[in-house]
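For reference, protein.pdb (PDB, C-alpha atoms, pLDDT in the B column):
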```
ATOM      1  CA  MET A   1      12.859  14.058  13.019  1.00 38.00           C
ATOM      2  CA  VAL A   2      12.390  11.002  10.821  1.00 45.00           C
ATOM      3  CA  SER A   3      15.490   9.008  10.030  1.00 51.00           C
ATOM      4  CA  ARG A   4      16.539   8.668   6.401  1.00 54.00           C
ATOM      5  CA  GLY A   5      15.366   5.065   6.396  1.00 63.00           C
ATOM      6  CA  THR A   6      15.596   3.151   3.170  1.00 79.00           C
ATOM      7  CA  TRP A   7      14.317   5.736   0.715  1.00 89.00           C
ATOM      8  CA  SER A   8      16.201   7.161  -2.215  1.00 91.00           C
ATOM      9  CA  PRO A   9      15.675  10.053  -4.635  1.00 93.00           C
ATOM     10  CA  VAL A  10      13.774   9.473  -7.875  1.00 94.00           C
ATOM     11  CA  ARG A  11      15.076  10.895 -11.133  1.00 93.00           C
ATOM     12  CA  ASN A  12      11.766  10.980 -12.977  1.00 95.00           C
ATOM     13  CA  ARG A  13       8.979  12.277 -10.751  1.00 91.00           C
ATOM     14  CA  ASP A  14       6.400  11.247 -13.336  1.00 95.00           C
ATOM     15  CA  GLU A  15       6.926   7.684 -12.057  1.00 96.00           C
ATOM     16  CA  TRP A  16       4.161   8.406  -9.565  1.00 97.00           C
ATOM     17  CA  LEU A  17       1.606   8.012 -12.361  1.00 98.00           C
ATOM     18  CA  GLY A  18       2.648   4.430 -13.039  1.00 98.00           C
ATOM     19  CA  ARG A  19       2.619   3.604  -9.337  1.00 98.00           C
ATOM     20  CA  ARG A  20      -0.854   5.091  -8.948  1.00 98.00           C
ATOM     21  CA  ASP A  21      -2.075   3.128 -11.955  1.00 98.00           C
ATOM     22  CA  ALA A  22      -0.575  -0.078 -10.533  1.00 98.00           C
ATOM     23  CA  GLY A  23      -2.328   0.589  -7.225  1.00 98.00           C
ATOM     24  CA  ARG A  24      -5.626   1.034  -9.016  1.00 98.00           C
ATOM     25  CA  ALA A  25      -5.095  -2.154 -11.042  1.00 98.00           C
ATOM     26  CA  HIS A  26      -4.236  -4.253  -7.973  1.00 98.00           C
ATOM     27  CA  LEU A  27      -7.281  -2.896  -6.170  1.00 98.00           C
ATOM     28  CA  LYS A  28      -9.591  -3.657  -9.095  1.00 98.00           C
ATOM     29  CA  THR A  29      -8.225  -7.187  -9.331  1.00 98.00           C
ATOM     30  CA  THR A  30      -8.779  -7.801  -5.617  1.00 98.00           C
ATOM     31  CA  ARG A  31     -12.338  -6.460  -5.806  1.00 98.00           C
ATOM     32  CA  ASP A  32     -13.074  -8.708  -8.788  1.00 98.00           C
ATOM     33  CA  ALA A  33     -11.578 -11.722  -7.001  1.00 98.00           C
ATOM     34  CA  LEU A  34     -13.778 -11.093  -3.955  1.00 97.00           C
ATOM     35  CA  ILE A  35     -16.865 -11.312  -6.151  1.00 97.00           C
ATOM     36  CA  VAL A  36     -16.108 -14.887  -7.178  1.00 97.00           C
ATOM     37  CA  ALA A  37     -14.471 -16.092  -3.952  1.00 97.00           C
ATOM     38  CA  ASP A  38     -16.320 -18.285  -1.497  1.00 95.00           C
ATOM     39  CA  ALA A  39     -15.737 -19.421   2.070  1.00 96.00           C
ATOM     40  CA  ARG A  40     -13.802 -22.539   0.969  1.00 96.00           C
ATOM     41  CA  ASP A  41     -11.150 -20.556  -0.896  1.00 97.00           C
ATOM     42  CA  ASP A  42      -7.658 -19.737   0.271  1.00 97.00           C
ATOM     43  CA  THR A  43      -7.642 -15.982  -0.281  1.00 97.00           C
ATOM     44  CA  ARG A  44      -3.909 -15.341   0.041  1.00 97.00           C
ATOM     45  CA  LEU A  45      -3.700 -13.906  -3.469  1.00 97.00           C
ATOM     46  CA  ILE A  46      -6.504 -11.469  -2.733  1.00 98.00           C
ATOM     47  CA  VAL A  47      -4.759 -10.296   0.438  1.00 98.00           C
ATOM     48  CA  GLN A  48      -1.464 -10.017  -1.464  1.00 98.00           C
ATOM     49  CA  GLY A  49      -3.168  -7.881  -4.117  1.00 98.00           C
ATOM     50  CA  ALA A  50      -4.584  -5.579  -1.465  1.00 98.00           C
ATOM     51  CA  ILE A  51      -1.127  -5.170   0.065  1.00 98.00           C
ATOM     52  CA  LEU A  52       0.496  -4.549  -3.333  1.00 98.00           C
ATOM     53  CA  SER A  53      -2.135  -1.896  -4.014  1.00 98.00           C
ATOM     54  CA  ALA A  54      -1.277  -0.086  -0.777  1.00 98.00           C
ATOM     55  CA  ILE A  55       2.448  -0.288  -1.544  1.00 98.00           C
ATOM     56  CA  ALA A  56       1.910   1.157  -5.017  1.00 98.00           C
ATOM     57  CA  PHE A  57      -0.251   3.997  -3.697  1.00 98.00           C
ATOM     58  CA  GLY A  58       2.273   4.742  -0.948  1.00 98.00           C
ATOM     59  CA  ASP A  59       5.066   4.895  -3.502  1.00 97.00           C
ATOM     60  CA  ALA A  60       2.976   7.162  -5.747  1.00 98.00           C
ATOM     61  CA  VAL A  61       2.470   9.624  -2.886  1.00 98.00           C
ATOM     62  CA  THR A  62       6.132   9.733  -1.877  1.00 97.00           C
ATOM     63  CA  ILE A  63       7.342  10.092  -5.459  1.00 98.00           C
ATOM     64  CA  LYS A  64       4.893  12.851  -6.398  1.00 97.00           C
ATOM     65  CA  VAL A  65       5.138  14.838  -3.186  1.00 96.00           C
ATOM     66  CA  ALA A  66       8.817  14.561  -2.329  1.00 96.00           C
ATOM     67  CA  GLY A  67      10.605  12.852  -5.214  1.00 97.00           C
ATOM     68  CA  ILE A  68      11.612   9.898  -3.038  1.00 97.00           C
ATOM     69  CA  ARG A  69      10.895   6.184  -3.283  1.00 95.00           C
ATOM     70  CA  ASN A  70      10.961   3.606  -0.552  1.00 94.00           C
ATOM     71  CA  GLY A  71      13.766   1.030  -0.702  1.00 86.00           C
ATOM     72  CA  GLN A  72      13.447  -2.737  -0.784  1.00 79.00           C
ATOM     73  CA  ASN A  73      12.076  -3.067   2.758  1.00 90.00           C
ATOM     74  CA  HIS A  74       8.354  -2.494   2.387  1.00 93.00           C
ATOM     75  CA  GLN A  75       7.954  -2.427   6.179  1.00 94.00           C
ATOM     76  CA  ARG A  76       9.663   0.997   6.084  1.00 95.00           C
ATOM     77  CA  LEU A  77       7.142   2.495   3.639  1.00 97.00           C
ATOM     78  CA  PRO A  78       5.149   4.246   6.408  1.00 97.00           C
ATOM     79  CA  ASP A  79       8.388   5.997   7.446  1.00 95.00           C
ATOM     80  CA  THR A  80       8.962   7.090   3.854  1.00 96.00           C
ATOM     81  CA  VAL A  81       5.395   8.427   3.596  1.00 97.00           C
ATOM     82  CA  ARG A  82       5.941  10.382   6.814  1.00 96.00           C
ATOM     83  CA  GLN A  83       9.233  11.719   5.461  1.00 95.00           C
ATOM     84  CA  ALA A  84       7.505  12.848   2.264  1.00 96.00           C
ATOM     85  CA  LEU A  85       4.469  14.460   3.891  1.00 97.00           C
ATOM     86  CA  GLY A  86       5.905  15.641   7.189  1.00 95.00           C
ATOM     87  CA  ASN A  87       3.239  16.782   9.651  1.00 92.00           C
ATOM     88  CA  ARG A  88       0.574  16.441   6.955  1.00 92.00           C
ATOM     89  CA  ALA A  89       0.907  12.651   7.102  1.00 95.00           C
ATOM     90  CA  SER A  90      -2.226  11.073   8.539  1.00 96.00           C
ATOM     91  CA  GLN A  91      -1.359   8.894  11.532  1.00 97.00           C
ATOM     92  CA  GLN A  92      -4.509   6.890  10.901  1.00 97.00           C
ATOM     93  CA  GLU A  93      -3.433   6.102   7.339  1.00 97.00           C
ATOM     94  CA  LEU A  94       0.157   5.353   8.356  1.00 97.00           C
ATOM     95  CA  THR A  95      -1.195   2.880  10.907  1.00 98.00           C
ATOM     96  CA  ARG A  96      -3.528   1.366   8.312  1.00 98.00           C
ATOM     97  CA  LEU A  97      -0.581   0.959   5.916  1.00 98.00           C
ATOM     98  CA  GLN A  98       1.589  -0.541   8.636  1.00 97.00           C
ATOM     99  CA  ARG A  99      -1.108  -3.103   9.513  1.00 97.00           C
ATOM    100  CA  LEU A 100      -1.455  -4.141   5.883  1.00 98.00           C
ATOM    101  CA  LEU A 101       2.305  -4.478   5.484  1.00 97.00           C
ATOM    102  CA  LYS A 102       2.519  -6.683   8.578  1.00 97.00           C
ATOM    103  CA  ARG A 103       0.359  -9.198   6.694  1.00 96.00           C
ATOM    104  CA  LYS A 104       2.696  -9.290   3.690  1.00 95.00           C
ATOM    105  CA  ASP A 105       4.935 -12.204   4.677  1.00 94.00           C
ATOM    106  CA  ASP A 106       2.051 -14.271   6.021  1.00 93.00           C
ATOM    107  CA  ALA A 107       0.038 -13.731   2.849  1.00 95.00           C
ATOM    108  CA  ALA A 108       2.964 -14.448   0.540  1.00 94.00           C
ATOM    109  CA  TYR A 109       4.862 -17.164   2.396  1.00 94.00           C
ATOM    110  CA  GLY A 110       2.679 -18.316   5.271  1.00 94.00           C
ATOM    111  CA  HIS A 111       1.632 -21.918   5.792  1.00 93.00           C
ATOM    112  CA  ARG A 112      -2.047 -21.369   6.541  1.00 93.00           C
ATOM    113  CA  ALA A 113      -4.884 -20.502   4.225  1.00 95.00           C
ATOM    114  CA  LEU A 114      -6.393 -17.055   4.638  1.00 97.00           C
ATOM    115  CA  THR A 115     -10.145 -16.775   5.030  1.00 97.00           C
ATOM    116  CA  LEU A 116     -12.623 -14.826   2.981  1.00 98.00           C
ATOM    117  CA  ASP A 117     -13.205 -12.533   5.960  1.00 97.00           C
ATOM    118  CA  GLU A 118      -9.478 -11.803   6.137  1.00 97.00           C
ATOM    119  CA  ALA A 119      -9.497 -10.957   2.442  1.00 98.00           C
ATOM    120  CA  ARG A 120     -12.513  -8.677   2.825  1.00 98.00           C
ATOM    121  CA  THR A 121     -10.791  -6.866   5.679  1.00 98.00           C
ATOM    122  CA  ALA A 122      -7.542  -6.445   3.731  1.00 98.00           C
ATOM    123  CA  VAL A 123      -9.368  -5.124   0.669  1.00 98.00           C
ATOM    124  CA  ALA A 124     -11.408  -2.706   2.776  1.00 98.00           C
ATOM    125  CA  GLN A 125      -8.205  -1.416   4.379  1.00 98.00           C
ATOM    126  CA  ALA A 126      -6.505  -1.084   0.993  1.00 98.00           C
ATOM    127  CA  GLU A 127      -9.543   0.766  -0.386  1.00 98.00           C
ATOM    128  CA  ALA A 128      -9.476   3.217   2.519  1.00 98.00           C
ATOM    129  CA  PHE A 129      -5.744   3.794   2.085  1.00 98.00           C
ATOM    130  CA  ALA A 130      -6.210   4.259  -1.670  1.00 98.00           C
ATOM    131  CA  LEU A 131      -8.944   6.833  -1.101  1.00 98.00           C
ATOM    132  CA  TRP A 132      -6.626   8.818   1.160  1.00 98.00           C
ATOM    133  CA  ALA A 133      -3.686   8.450  -1.254  1.00 98.00           C
ATOM    134  CA  GLU A 134      -5.797   9.581  -4.211  1.00 98.00           C
ATOM    135  CA  SER A 135      -6.727  12.660  -2.194  1.00 97.00           C
ATOM    136  CA  GLU A 136      -3.056  13.411  -1.500  1.00 96.00           C
ATOM    137  CA  LEU A 137      -2.175  12.833  -5.145  1.00 97.00           C
ATOM    138  CA  GLY A 138      -4.908  15.279  -6.190  1.00 95.00           C
ATOM    139  CA  ARG A 139      -3.359  18.142  -4.232  1.00 87.00           C
ATOM    140  CA  GLY A 140      -1.647  20.877  -6.253  1.00 58.00           C
TER     141      GLY A 140
END
```
As structure tokens:
Amino acid sequence: MVSRGTWSPVRNRDEWLGRRDAGRAHLKTTRDALIVADARDDTRLIVQGAILSAIAFGDAVTIKVAGIRNGQNHQRLPDTVRQALGNRASQQELTRLQRLLKRKDDAAYGHRALTLDEARTAVAQAEAFALWAESELGRG
């Protein structure tokens, strides 16, 4: 059994549409930024965008499927996704989400520049998570 965690009920389940749209927008922005980035750039903002995309898609899934939204602690979002989907939750995607979220503080507040390769990896992970989330959102 999954603990209640930090999620709470949502009054308007149509909120998932806005979260999905935000996820798509963050992902598009990160893809566009990768096109113009070069090896000398600090890519923290690209990595942050990839993470924000995954958070938005995770929220969209939990809101649409179960009418719940994760609380302030984004590190608990995988638990909220599992709560929403139960046994249907993909362990691979929960792990992917967890790995992205572990980068959040470093990307937002860390002292070192992030490389173009790190940005490419984060965007690829966010794209894979988004593909899975879009599939879940397309169900019934």
Give me the residues within 7 Å of Val47 of chain A as number ranges by chain, counting all atoms listed in the file and dropping any in the same chain fewer than 3 places off. A: 43-44, 50-51, 107, 119, 122-123
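Proximity ranking of A:Thr29, A:Ala66, A:Ala22, A:Ile35 relative to Val10 of chain A places A:Ala66 first, based on only C-alpha atoms.
Excluding segment 77-92 of chain A itself and same-chain residues fewer than 6 positions from it, the residues having an atom within 7 Å of it are Val2, Trp7, Gly58, Thr62, Val65, Ala66, Asn70 and Gln98 of chain A, counting all atoms listed in the file.
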Once the PyMOL selection byres ((chain A and resi 52) around 10) has been evaluated on this model, what residues remain selected, and can you format them as a compact mmCIF listing (two decimals) with C-alpha atoms, in the coordinates of the input?
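Output contents, as saved in out21.txt:
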```txt
# COMPACT_ATOMS: atom_id res chain seq x y z
CA ALA A 22 -0.57 -0.08 -10.53
CA GLY A 23 -2.33 0.59 -7.22
CA ALA A 25 -5.10 -2.15 -11.04
CA HIS A 26 -4.24 -4.25 -7.97
CA LEU A 27 -7.28 -2.90 -6.17
CA ILE A 46 -6.50 -11.47 -2.73
CA VAL A 47 -4.76 -10.30 0.44
CA GLN A 48 -1.46 -10.02 -1.46
CA GLY A 49 -3.17 -7.88 -4.12
CA ALA A 50 -4.58 -5.58 -1.46
CA ILE A 51 -1.13 -5.17 0.06
CA SER A 53 -2.13 -1.90 -4.01
CA ALA A 54 -1.28 -0.09 -0.78
CA ILE A 55 2.45 -0.29 -1.54
CA ALA A 56 1.91 1.16 -5.02
CA PHE A 57 -0.25 4.00 -3.70
CA GLY A 58 2.27 4.74 -0.95
CA HIS A 74 8.35 -2.49 2.39
CA LEU A 100 -1.46 -4.14 5.88
CA LEU A 101 2.31 -4.48 5.48
CA LYS A 104 2.70 -9.29 3.69
CA ALA A 126 -6.50 -1.08 0.99
```
On this structure, which residues satisfy the PyMOL selection byres ((chain A and resi 13-17) around 6), written as a list in words? Asn12, Gly18, Arg19, Arg20, Ala60, Ile63, Lys64 and Gly67 of chain A
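You will find atom CA of Arg69 of chain A at 29.0 Å from atom CA of Ala33 of chain A.
Picture a line from atom CA of Asp32 of chain A to atom CA of Leu45 of chain A; it runs 12.0 Å.
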Taking all atoms of segment 59-77 of chain A that appear in the file, build a box with edges along x, y and z, extend it by 3 Å on every side, and state its centre and edge lengths in Å to one decimal, as lines of an AutoDock Vina configuration file.
```
center_x = 8.1
center_y = 5.9
center_z = -0.1
size_x = 17.3
size_y = 23.9
size_z = 18.6
```
Could you spell out the hits of the PyMOL selection byres ((chain A and resi 39) around 10) on the shown file, as number ranges by chain? A: 37-38, 40-43, 114-117
Pairwise distance for atom CA of Leu34 of chain A and atom CA of Gln75 of chain A, rounded to one decimal in Å: 25.5 Å
Using only C-alpha atoms, which of A:Leu137, A:Asp106, A:Ser8, A:Ala113 sits nearest Gly71 of chain A? A:Ser8
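Taking all atoms listed in the file into account, Arg31 of chain A lies nearest to A:Arg120 out of the set A:Arg120, A:Arg11, A:Arg112, A:Arg103.
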Would it be fine to have segment 65-77 of chain A, with N, CA, C and O atoms, given as a CSV table (one decimal), in the first residue's frame?
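Dumped to part31.csv:
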```csv
chain,number,residue,atom,x,y,z
A,65,VAL,N,-6.5,10.9,-14.0
A,65,VAL,CA,-6.8,9.5,-13.6
A,65,VAL,C,-7.4,9.4,-12.3
A,65,VAL,O,-8.4,8.7,-12.1
A,66,ALA,N,-6.9,10.1,-11.3
A,66,ALA,CA,-7.4,9.9,-9.9
A,66,ALA,C,-8.0,11.2,-9.2
A,66,ALA,O,-8.4,11.1,-8.1
A,67,GLY,N,-7.9,12.3,-9.9
A,67,GLY,CA,-8.4,13.5,-9.2
A,67,GLY,C,-7.5,14.0,-8.1
A,67,GLY,O,-8.0,14.6,-7.2
A,68,ILE,N,-6.2,13.7,-8.1
A,68,ILE,CA,-5.3,14.1,-7.1
A,68,ILE,C,-4.1,14.8,-7.7
A,68,ILE,O,-3.8,14.6,-8.8
A,69,ARG,N,-3.6,15.7,-6.9
A,69,ARG,CA,-2.4,16.5,-7.3
A,69,ARG,C,-1.3,16.4,-6.2
A,69,ARG,O,-1.6,16.4,-5.0
A,70,ASN,N,-0.1,16.3,-6.7
A,70,ASN,CA,1.0,16.2,-5.8
A,70,ASN,C,1.1,17.5,-5.0
A,70,ASN,O,0.8,18.6,-5.5
A,71,GLY,N,1.7,17.4,-3.8
A,71,GLY,CA,1.9,18.6,-3.0
A,71,GLY,C,3.1,19.4,-3.4
A,71,GLY,O,3.6,19.2,-4.5
A,72,GLN,N,3.6,20.2,-2.5
A,72,GLN,CA,4.8,21.0,-2.8
A,72,GLN,C,6.1,20.3,-3.0
A,72,GLN,O,7.0,20.8,-3.7
A,73,ASN,N,6.2,19.1,-2.4
A,73,ASN,CA,7.5,18.4,-2.5
A,73,ASN,C,7.5,17.5,-3.8
A,73,ASN,O,6.9,16.5,-3.9
A,74,HIS,N,8.1,18.1,-4.8
A,74,HIS,CA,8.2,17.4,-6.1
A,74,HIS,C,8.8,16.0,-6.1
A,74,HIS,O,8.6,15.2,-6.9
A,75,GLN,N,9.7,15.8,-5.1
A,75,GLN,CA,10.4,14.5,-5.0
A,75,GLN,C,9.3,13.4,-4.7
A,75,GLN,O,9.6,12.2,-4.9
A,76,ARG,N,8.2,13.8,-4.2
A,76,ARG,CA,7.1,12.8,-3.9
A,76,ARG,C,6.2,12.5,-5.1
A,76,ARG,O,5.3,11.7,-5.0
A,77,LEU,N,6.4,13.2,-6.2
A,77,LEU,CA,5.5,13.0,-7.4
A,77,LEU,C,5.5,11.5,-7.9
A,77,LEU,O,4.4,11.1,-8.2
```
